[in-house]
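> Hey, dropping upload-v1.cif in here, mmCIF, C-alpha atoms and all ligand atoms:
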```
data_start
#
loop_
_atom_site.group_PDB
_atom_site.id
_atom_site.type_symbol
_atom_site.label_atom_id
_atom_site.label_comp_id
_atom_site.auth_asym_id
_atom_site.auth_seq_id
_atom_site.Cartn_x
_atom_site.Cartn_y
_atom_site.Cartn_z
ATOM 1 C CA MET A 1 64.612 41.927 135.613
ATOM 2 C CA LYS A 2 61.985 43.280 133.242
ATOM 3 C CA ILE A 3 59.418 45.592 134.778
ATOM 4 C CA ILE A 4 55.861 44.340 134.347
ATOM 5 C CA THR A 5 52.886 45.980 136.022
ATOM 6 C CA ARG A 6 50.245 43.897 137.751
ATOM 7 C CA GLN A 7 47.743 44.890 135.056
ATOM 8 C CA GLN A 8 50.097 43.615 132.337
ATOM 9 C CA ALA A 9 50.694 40.412 134.287
ATOM 10 C CA LEU A 10 46.949 39.915 134.707
ATOM 11 C CA ALA A 11 46.364 40.515 131.005
ATOM 12 C CA ALA A 12 49.127 38.075 130.056
ATOM 13 C CA ASP A 13 47.951 35.526 132.649
ATOM 14 C CA LEU A 14 51.299 35.583 134.449
ATOM 15 C CA ARG A 15 51.727 34.280 137.986
ATOM 16 C CA THR A 16 54.199 36.986 138.971
ATOM 17 C CA TYR A 17 55.035 40.559 138.087
ATOM 18 C CA PHE A 18 57.861 42.942 138.886
ATOM 19 C CA THR A 19 57.580 46.659 139.579
ATOM 20 C CA GLY A 20 61.195 47.346 140.582
ATOM 21 C CA GLU A 21 59.878 49.091 143.686
ATOM 22 C CA PRO A 22 60.546 47.808 147.214
ATOM 23 C CA CYS A 23 57.751 46.129 149.166
ATOM 24 C CA LEU A 24 56.748 47.230 152.695
ATOM 25 C CA ASN A 25 59.699 45.247 154.046
ATOM 26 C CA GLY A 26 62.141 46.703 151.566
ATOM 27 C CA HIS A 27 62.493 43.697 149.249
ATOM 28 C CA ILE A 28 62.948 44.386 145.579
ATOM 29 C CA ALA A 29 61.516 41.172 144.247
ATOM 30 C CA GLN A 30 58.785 39.718 142.062
ATOM 31 C CA ARG A 31 55.257 39.762 143.399
ATOM 32 C CA TYR A 32 52.447 37.283 143.003
ATOM 33 C CA THR A 33 49.772 38.540 140.630
ATOM 34 C CA GLY A 34 46.966 37.063 142.706
ATOM 35 C CA SER A 35 47.929 38.121 146.223
ATOM 36 C CA LYS A 36 50.241 41.080 145.376
ATOM 37 C CA CYS A 37 52.528 39.483 147.980
ATOM 38 C CA CYS A 38 56.260 39.972 147.534
ATOM 39 C CA TYR A 39 58.182 36.801 146.699
ATOM 40 C CA GLU A 40 60.708 37.303 149.512
ATOM 41 C CA CYS A 41 58.027 38.115 152.104
ATOM 42 C CA ASP A 42 56.141 34.998 151.051
ATOM 43 C CA LYS A 43 59.296 32.896 151.472
ATOM 44 C CA ILE A 44 59.786 34.263 154.986
ATOM 45 C CA LYS A 45 56.130 33.722 155.868
ATOM 46 C CA THR A 46 56.324 30.122 154.695
ATOM 47 C CA LYS A 47 59.497 29.556 156.719
ATOM 48 C CA VAL A 48 57.918 31.004 159.872
ATOM 49 C CA ARG A 49 54.806 28.921 159.348
ATOM 50 C CA ARG A 50 56.868 25.759 158.927
ATOM 51 C CA ALA A 51 59.108 26.546 161.922
ATOM 52 C CA LYS A 52 56.159 26.764 164.287
ATOM 53 C CA PRO A 53 55.117 23.553 165.972
ATOM 54 C CA ARG A 54 51.964 22.018 164.567
ATOM 55 C CA VAL A 55 49.905 22.477 167.721
ATOM 56 C CA GLU A 56 50.476 26.235 167.751
ATOM 57 C CA TYR A 57 49.125 26.968 164.336
ATOM 58 C CA ALA A 58 46.490 24.267 164.216
ATOM 59 C CA ASP A 59 43.871 26.694 165.482
ATOM 60 C CA PRO A 60 45.268 30.052 166.606
ATOM 61 C CA TYR A 61 41.848 31.652 166.927
ATOM 62 C CA PRO A 62 39.361 28.984 167.843
ATOM 63 C CA LEU A 63 35.904 30.171 166.934
ATOM 64 C CA PRO A 64 32.914 28.986 168.918
ATOM 65 C CA MET A 65 30.987 28.557 165.684
ATOM 66 C CA GLY A 66 31.600 28.221 161.995
ATOM 67 C CA GLU A 67 31.874 31.206 159.729
ATOM 68 C CA ARG A 68 28.795 30.154 157.854
ATOM 69 C CA GLN A 69 26.801 30.116 161.059
ATOM 70 C CA LEU A 70 28.136 33.562 162.003
ATOM 71 C CA CYS A 71 27.050 34.830 158.619
ATOM 72 C CA ARG A 72 23.566 33.469 159.078
ATOM 73 C CA LEU A 73 23.361 35.079 162.530
ATOM 74 C CA ALA A 74 24.445 38.419 161.060
ATOM 75 C CA VAL A 75 21.702 38.181 158.448
ATOM 76 C CA GLU A 76 19.146 37.368 161.127
ATOM 77 C CA PHE A 77 20.383 40.277 163.237
ATOM 78 C CA VAL A 78 19.984 42.713 160.351
ATOM 79 C CA ARG A 79 16.511 41.333 159.668
ATOM 80 C CA LEU A 80 15.610 41.779 163.351
ATOM 81 C CA ILE A 81 16.783 45.418 163.364
ATOM 82 C CA HIS A 82 14.894 46.205 160.176
ATOM 83 C CA GLY A 83 11.846 44.484 161.597
ATOM 84 C CA ALA A 84 12.083 46.551 164.790
ATOM 85 C CA MET A 85 12.326 49.762 162.819
ATOM 86 C CA ALA A 86 9.398 48.999 160.547
HETATM 87 ZN ZN ZN B 101 58.876 41.704 150.682
#
```
Kindly present the structure from the file in structure tokens form.
Ligand SMILES: [Zn+2]

Amino acid sequence: MKIITRQQALAADLRTYFTGEPCLNGHIAQRYTGSKCCYECDKIKTKVRRAKPRVEYADPYPLPMGERQLCRLAVEFVRLIHGAMA
């Protein structure tokens, strides 16, 4: 397989690239340009995800509020602190 760096892949608008170096799990495979994820790792991840029953992965970390709301609260918190310091 031809060795292409991520930079080259990005420049050529390619979906995958290949460094010839093993990933963290020891796979020598193509990687996705966007996520840098190894092709073999991604395949395994997909398999694991599909093998799990629906209920289990529907909401593994149920949040009491939406992310957007959390963000707004964080902004308000920062404002409050700055207000207290002023
Ligand atoms: Zn891998």
> Mind giving me the straight-line distance from CA of Lys52 in chain A to CA of Ser35 in chain A in Å, one decimal?
22.9 Å
> Please compute the CA of Thr16 in chain A-CA of Ala51 in chain A distance, one decimal, in Å.
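Taking CA of Thr16 in chain A and CA of Ala51 in chain A, their separation equals 25.7 Å.
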> Produce as number ranges by chain the set of residues near ligand ZN 101 (chain B), where near means within 8 Å with only C-alpha atoms and all ligand atoms considered.
A: 22-29, 37-42
> When the PyMOL selection byres (((chain A and resi 9) around 12) and not hetatm) is applied to the structure above, which residues does it catch, written out as a PyMOL selection string?
chain A and resi 2-8+10-19+30-34+36
